[in-house]
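Enquirer: Structure file entry-v7.pdb (PDB, C-alpha atoms, pLDDT in the B column) right here:
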```pdb
ATOM      1  CA  MET A   1      92.534  95.121 108.977  1.00 49.00           C
ATOM      2  CA  LYS A   2      92.220  98.375 107.174  1.00 61.00           C
ATOM      3  CA  LEU A   3      91.701  99.547 103.647  1.00 75.00           C
ATOM      4  CA  THR A   4      94.291 102.293 103.241  1.00 84.00           C
ATOM      5  CA  ALA A   5      94.145 105.499 101.218  1.00 88.00           C
ATOM      6  CA  LYS A   6      95.770 103.688  98.303  1.00 92.00           C
ATOM      7  CA  GLY A   7      92.839 101.313  97.854  1.00 93.00           C
ATOM      8  CA  ARG A   8      90.211 103.962  98.555  1.00 94.00           C
ATOM      9  CA  TYR A   9      91.740 106.441  96.114  1.00 96.00           C
ATOM     10  CA  ALA A  10      92.110 103.793  93.409  1.00 97.00           C
ATOM     11  CA  VAL A  11      88.431 102.859  93.702  1.00 96.00           C
ATOM     12  CA  THR A  12      87.396 106.532  93.718  1.00 96.00           C
ATOM     13  CA  ALA A  13      89.498 107.318  90.635  1.00 98.00           C
ATOM     14  CA  MET A  14      88.197 104.290  88.742  1.00 98.00           C
ATOM     15  CA  LEU A  15      84.624 105.205  89.619  1.00 97.00           C
ATOM     16  CA  ASP A  16      85.288 108.755  88.393  1.00 96.00           C
ATOM     17  CA  ILE A  17      86.442 107.391  85.040  1.00 97.00           C
ATOM     18  CA  ALA A  18      83.419 105.095  84.845  1.00 97.00           C
ATOM     19  CA  VAL A  19      81.029 107.977  85.607  1.00 95.00           C
ATOM     20  CA  HIS A  20      82.619 110.138  82.891  1.00 93.00           C
ATOM     21  CA  ASP A  21      83.259 107.322  80.405  1.00 90.00           C
ATOM     22  CA  ASP A  22      80.763 108.659  77.850  1.00 90.00           C
ATOM     23  CA  GLU A  23      82.725 111.951  77.662  1.00 91.00           C
ATOM     24  CA  GLY A  24      85.875 110.317  76.283  1.00 94.00           C
ATOM     25  CA  PRO A  25      89.255 109.837  77.951  1.00 96.00           C
ATOM     26  CA  VAL A  26      89.468 111.308  81.452  1.00 96.00           C
ATOM     27  CA  SER A  27      92.620 113.169  82.452  1.00 95.00           C
ATOM     28  CA  LEU A  28      94.293 112.628  85.782  1.00 96.00           C
ATOM     29  CA  ALA A  29      94.126 116.393  86.313  1.00 94.00           C
ATOM     30  CA  ASP A  30      90.321 116.224  86.018  1.00 94.00           C
ATOM     31  CA  ILE A  31      90.147 113.321  88.477  1.00 96.00           C
ATOM     32  CA  SER A  32      92.495 115.178  90.818  1.00 96.00           C
ATOM     33  CA  GLY A  33      90.312 118.276  90.734  1.00 93.00           C
ATOM     34  CA  ARG A  34      87.014 116.485  91.226  1.00 93.00           C
ATOM     35  CA  GLN A  35      88.176 114.012  93.847  1.00 95.00           C
ATOM     36  CA  GLU A  36      90.816 116.108  95.623  1.00 94.00           C
ATOM     37  CA  ILE A  37      93.520 113.475  95.179  1.00 96.00           C
ATOM     38  CA  SER A  38      97.090 114.565  94.506  1.00 96.00           C
ATOM     39  CA  LEU A  39      98.065 114.341  90.845  1.00 96.00           C
ATOM     40  CA  ALA A  40     101.400 112.737  91.750  1.00 96.00           C
ATOM     41  CA  TYR A  41      99.595 110.084  93.797  1.00 96.00           C
ATOM     42  CA  LEU A  42      97.180 109.388  90.939  1.00 97.00           C
ATOM     43  CA  GLU A  43     100.110 108.906  88.559  1.00 97.00           C
ATOM     44  CA  GLN A  44     101.510 106.207  90.854  1.00 96.00           C
ATOM     45  CA  LEU A  45      98.132 104.490  91.165  1.00 97.00           C
ATOM     46  CA  PHE A  46      97.451 104.594  87.436  1.00 97.00           C
ATOM     47  CA  ALA A  47     100.767 102.954  86.624  1.00 96.00           C
ATOM     48  CA  LYS A  48      99.524  99.982  88.660  1.00 97.00           C
ATOM     49  CA  LEU A  49      95.982 100.125  87.262  1.00 98.00           C
ATOM     50  CA  ARG A  50      97.409 100.142  83.725  1.00 97.00           C
ATOM     51  CA  ARG A  51      99.673  97.155  84.474  1.00 96.00           C
ATOM     52  CA  ALA A  52      96.617  95.290  85.786  1.00 96.00           C
ATOM     53  CA  ASP A  53      94.799  96.028  82.481  1.00 97.00           C
ATOM     54  CA  LEU A  54      92.020  97.918  84.239  1.00 98.00           C
ATOM     55  CA  VAL A  55      92.623 101.163  82.306  1.00 98.00           C
ATOM     56  CA  THR A  56      94.103 102.142  78.979  1.00 97.00           C
ATOM     57  CA  SER A  57      95.804 105.424  78.261  1.00 95.00           C
ATOM     58  CA  VAL A  58      95.057 107.697  75.325  1.00 94.00           C
ATOM     59  CA  ARG A  59      97.877 110.028  74.294  1.00 92.00           C
ATOM     60  CA  GLY A  60      97.719 113.452  72.732  1.00 87.00           C
ATOM     61  CA  PRO A  61      95.329 116.387  73.027  1.00 86.00           C
ATOM     62  CA  GLY A  62      92.160 115.290  74.747  1.00 86.00           C
ATOM     63  CA  GLY A  63      93.998 112.244  76.049  1.00 91.00           C
ATOM     64  CA  GLY A  64      93.610 110.589  79.388  1.00 95.00           C
ATOM     65  CA  TYR A  65      92.393 107.257  80.658  1.00 97.00           C
ATOM     66  CA  ARG A  66      89.525 104.960  79.777  1.00 97.00           C
ATOM     67  CA  LEU A  67      88.323 101.754  81.367  1.00 98.00           C
ATOM     68  CA  ALA A  68      90.003  98.775  79.716  1.00 97.00           C
ATOM     69  CA  ARG A  69      86.738  96.834  79.831  1.00 97.00           C
ATOM     70  CA  ALA A  70      83.107  97.447  80.649  1.00 97.00           C
ATOM     71  CA  GLY A  71      82.252  98.716  84.130  1.00 96.00           C
ATOM     72  CA  ASP A  72      80.296  95.569  84.913  1.00 97.00           C
ATOM     73  CA  ALA A  73      83.468  93.538  84.293  1.00 98.00           C
ATOM     74  CA  ILE A  74      85.632  95.431  86.816  1.00 98.00           C
ATOM     75  CA  SER A  75      85.047  94.506  90.441  1.00 97.00           C
ATOM     76  CA  ILE A  76      86.096  96.579  93.416  1.00 96.00           C
ATOM     77  CA  ALA A  77      88.285  93.644  94.482  1.00 94.00           C
ATOM     78  CA  ASP A  78      90.078  93.845  91.099  1.00 96.00           C
ATOM     79  CA  ILE A  79      90.875  97.501  91.732  1.00 96.00           C
ATOM     80  CA  VAL A  80      91.985  97.075  95.339  1.00 94.00           C
ATOM     81  CA  GLU A  81      94.206  94.109  94.479  1.00 93.00           C
ATOM     82  CA  SER A  82      95.740  95.908  91.476  1.00 94.00           C
ATOM     83  CA  VAL A  83      97.278  98.563  93.729  1.00 93.00           C
ATOM     84  CA  ASP A  84      98.813  95.904  95.983  1.00 79.00           C
ATOM     85  CA  GLU A  85      96.258  96.441  98.679  1.00 77.00           C
ATOM     86  CA  SER A  86      95.277  93.544 100.885  1.00 77.00           C
ATOM     87  CA  VAL A  87      92.206  93.513 103.059  1.00 81.00           C
ATOM     88  CA  ASP A  88      93.257  90.871 105.553  1.00 83.00           C
ATOM     89  CA  ALA A  89      91.757  90.580 109.026  1.00 83.00           C
ATOM     90  CA  THR A  90      94.384  88.138 110.318  1.00 84.00           C
ATOM     91  CA  ARG A  91      97.494  89.282 112.175  1.00 81.00           C
ATOM     92  CA  CYS A  92      99.612  86.802 110.226  1.00 82.00           C
ATOM     93  CA  GLN A  93      98.584  87.827 106.689  1.00 79.00           C
ATOM     94  CA  GLY A  94      96.896  84.446 106.294  1.00 78.00           C
ATOM     95  CA  ARG A  95     100.036  82.382 106.988  1.00 80.00           C
ATOM     96  CA  ALA A  96      98.536  80.715 110.104  1.00 83.00           C
ATOM     97  CA  ASP A  97     101.706  81.382 112.114  1.00 85.00           C
ATOM     98  CA  CYS A  98     100.117  84.017 114.333  1.00 79.00           C
ATOM     99  CA  GLN A  99     101.178  82.612 117.695  1.00 78.00           C
ATOM    100  CA  GLY A 100     104.865  81.820 117.782  1.00 81.00           C
ATOM    101  CA  GLY A 101     104.762  80.008 114.440  1.00 82.00           C
ATOM    102  CA  THR A 102     101.479  78.197 115.078  1.00 86.00           C
ATOM    103  CA  THR A 103      97.843  79.028 114.496  1.00 85.00           C
ATOM    104  CA  CYS A 104      96.222  81.234 117.114  1.00 88.00           C
ATOM    105  CA  LEU A 105      92.861  80.527 118.716  1.00 87.00           C
ATOM    106  CA  THR A 106      90.927  82.983 116.506  1.00 89.00           C
ATOM    107  CA  HIS A 107      92.794  82.508 113.217  1.00 90.00           C
ATOM    108  CA  GLU A 108      89.902  80.749 111.477  1.00 91.00           C
ATOM    109  CA  LEU A 109      87.459  83.490 112.501  1.00 93.00           C
ATOM    110  CA  TRP A 110      89.630  86.279 111.049  1.00 90.00           C
ATOM    111  CA  SER A 111      90.469  84.205 107.999  1.00 91.00           C
ATOM    112  CA  ASP A 112      86.759  83.654 107.323  1.00 94.00           C
ATOM    113  CA  LEU A 113      86.140  87.405 107.712  1.00 92.00           C
ATOM    114  CA  THR A 114      88.886  88.100 105.173  1.00 91.00           C
ATOM    115  CA  ASP A 115      87.192  85.699 102.748  1.00 92.00           C
ATOM    116  CA  GLN A 116      83.818  87.394 103.305  1.00 94.00           C
ATOM    117  CA  ILE A 117      85.273  90.852 102.639  1.00 92.00           C
ATOM    118  CA  HIS A 118      86.940  89.635  99.450  1.00 91.00           C
ATOM    119  CA  GLU A 119      83.716  88.007  98.271  1.00 95.00           C
ATOM    120  CA  PHE A 120      81.758  91.190  99.056  1.00 95.00           C
ATOM    121  CA  LEU A 121      84.171  93.380  97.085  1.00 94.00           C
ATOM    122  CA  SER A 122      84.256  90.849  94.238  1.00 95.00           C
ATOM    123  CA  ASN A 123      80.474  91.051  93.892  1.00 97.00           C
ATOM    124  CA  ILE A 124      80.401  94.830  93.461  1.00 96.00           C
ATOM    125  CA  ASN A 125      81.444  96.297  90.140  1.00 97.00           C
ATOM    126  CA  LEU A 126      81.796  99.818  88.803  1.00 97.00           C
ATOM    127  CA  ALA A 127      78.535  99.633  86.854  1.00 96.00           C
ATOM    128  CA  SER A 128      76.552  98.664  89.945  1.00 96.00           C
ATOM    129  CA  LEU A 129      78.068 101.574  91.868  1.00 95.00           C
ATOM    130  CA  ILE A 130      77.142 104.028  89.100  1.00 93.00           C
ATOM    131  CA  ALA A 131      73.568 102.745  89.220  1.00 92.00           C
ATOM    132  CA  ARG A 132      73.251 103.955  92.796  1.00 87.00           C
ATOM    133  CA  ARG A 133      71.373 107.229  93.045  1.00 79.00           C
ATOM    134  CA  GLY A 134      73.793 108.639  95.617  1.00 86.00           C
ATOM    135  CA  VAL A 135      76.761 108.183  93.282  1.00 86.00           C
ATOM    136  CA  LYS A 136      74.973 109.971  90.464  1.00 82.00           C
ATOM    137  CA  SER A 137      74.032 112.928  92.655  1.00 86.00           C
ATOM    138  CA  VAL A 138      77.568 113.292  94.016  1.00 89.00           C
ATOM    139  CA  ALA A 139      78.994 113.163  90.481  1.00 84.00           C
ATOM    140  CA  ALA A 140      76.532 115.853  89.367  1.00 82.00           C
ATOM    141  CA  ARG A 141      77.475 118.061  92.322  1.00 87.00           C
ATOM    142  CA  GLN A 142      81.181 117.634  91.587  1.00 87.00           C
ATOM    143  CA  HIS A 143      80.586 118.502  87.931  1.00 80.00           C
ATOM    144  CA  GLU A 144      78.703 121.679  88.899  1.00 82.00           C
ATOM    145  CA  THR A 145      81.401 122.689  91.384  1.00 83.00           C
ATOM    146  CA  ILE A 146      84.180 122.303  88.813  1.00 82.00           C
ATOM    147  CA  ALA A 147      82.148 124.210  86.218  1.00 78.00           C
ATOM    148  CA  LEU A 148      81.644 127.100  88.669  1.00 79.00           C
ATOM    149  CA  LEU A 149      85.342 127.175  89.491  1.00 77.00           C
ATOM    150  CA  GLU A 150      86.270 127.236  85.813  1.00 78.00           C
ATOM    151  CA  ARG A 151      83.929 130.193  85.182  1.00 80.00           C
ATOM    152  CA  ALA A 152      85.348 132.195  88.099  1.00 74.00           C
TER
END
```
Once you've parsed the file, please lay out its structure as structure tokens.
Expert:
Amino acid sequence: MKLTAKGRYAVTAMLDIAVHDDEGPVSLADISGRQEISLAYLEQLFAKLRRADLVTSVRGPGGGYRLARAGDAISIADIVESVDESVDATRCQGRADCQGGTTCLTHELWSDLTDQIHEFLSNINLASLIARRGVKSVAARQHETIALLERA
């Protein structure tokens, strides 16, 4: 069981948009610079996020991406699932055929853990993450760093 870079980067990028939502559409280049995620990788992720109706794109000068709905209506589970990420603690991907086509001794334990992880991620939304003091201070630091780089 492991949340890969795909899921982590998707959550980070969505949180970046949510943090900067009041500034208008957020470009992938801005997200890439602040979060140190490859622009090409972000383009792949955002195609999936757009298909899942989590973001909308704005074309033209000053264009970029916006959240498709309010931050309190987008759970972390929504984001992770939209990029085809599965947080599954079972060896059988939940099929219960872990031991030669039959259920293994610990299948129920790992299946219950998978359910708990999904419930945990479903109960956290972008707005609740923004409300955390640590997130705000990191966003402020990133903003200052980018501003210094642009002045140099």
Enquirer: So that I can see what lies close to Arg91 (chain A), please list as JSON, numbers by chain the residues with an atom at most 9 Å from it, counting all atoms listed in the file and leaving out residues fewer than 6 positions away in the same chain.
Expert: {"A": [1, 97, 98, 107, 110]}
Enquirer: Run through the PyMOL selection byres ((chain A and resi 68-81) around 8) on the given coordinates and return the selected residues as a list in words.
Expert: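 That selection, the PyMOL selection byres ((chain A and resi 68-81) around 8), comes back as Gly7, Arg8, Ala10, Val11, Met14, Ala18, Leu49, Asp53, Leu54, Val55, Thr56, Arg66, Leu67, Ser82, Val83, Asp84, Glu85, Ser86, His118, Leu121, Ser122, Asn123, Ile124, Asn125, Leu126, Ala127 and Ser128 of chain A.
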Enquirer: Just give me the gap between CA of Ile117 (chain A) and CA of Thr90 (chain A) in Å, one decimal is fine.
Expert: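 About the pair CA of Ile117 (chain A) and CA of Thr90 (chain A): they are 12.2 Å apart.
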Enquirer: So which one's closest to Ile146 (chain A), A:Glu36, A:Asp115, A:Glu43, A:Asp21? Using all atoms listed in the file, please.
Expert: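 Ranked by minimum distance to Ile146 (chain A), first place goes to A:Glu36.
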Enquirer: CA of Thr114 (chain A) to CA of Val87 (chain A): how many Å, to one decimal?
Expert: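 Between CA of Thr114 (chain A) and CA of Val87 (chain A) the gap works out to 6.7 Å.
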Enquirer: Work out where the centre of an axis-aligned box around every listed atom of region 23-41 of chain A lies and how long its edges are once 4 Å is added on each side; give both in Å to one decimal as JSON.
Expert:
```
{"center_x": 92.1, "center_y": 114.1, "center_z": 86.0, "size_x": 26.7, "size_y": 16.4, "size_z": 27.3}
```
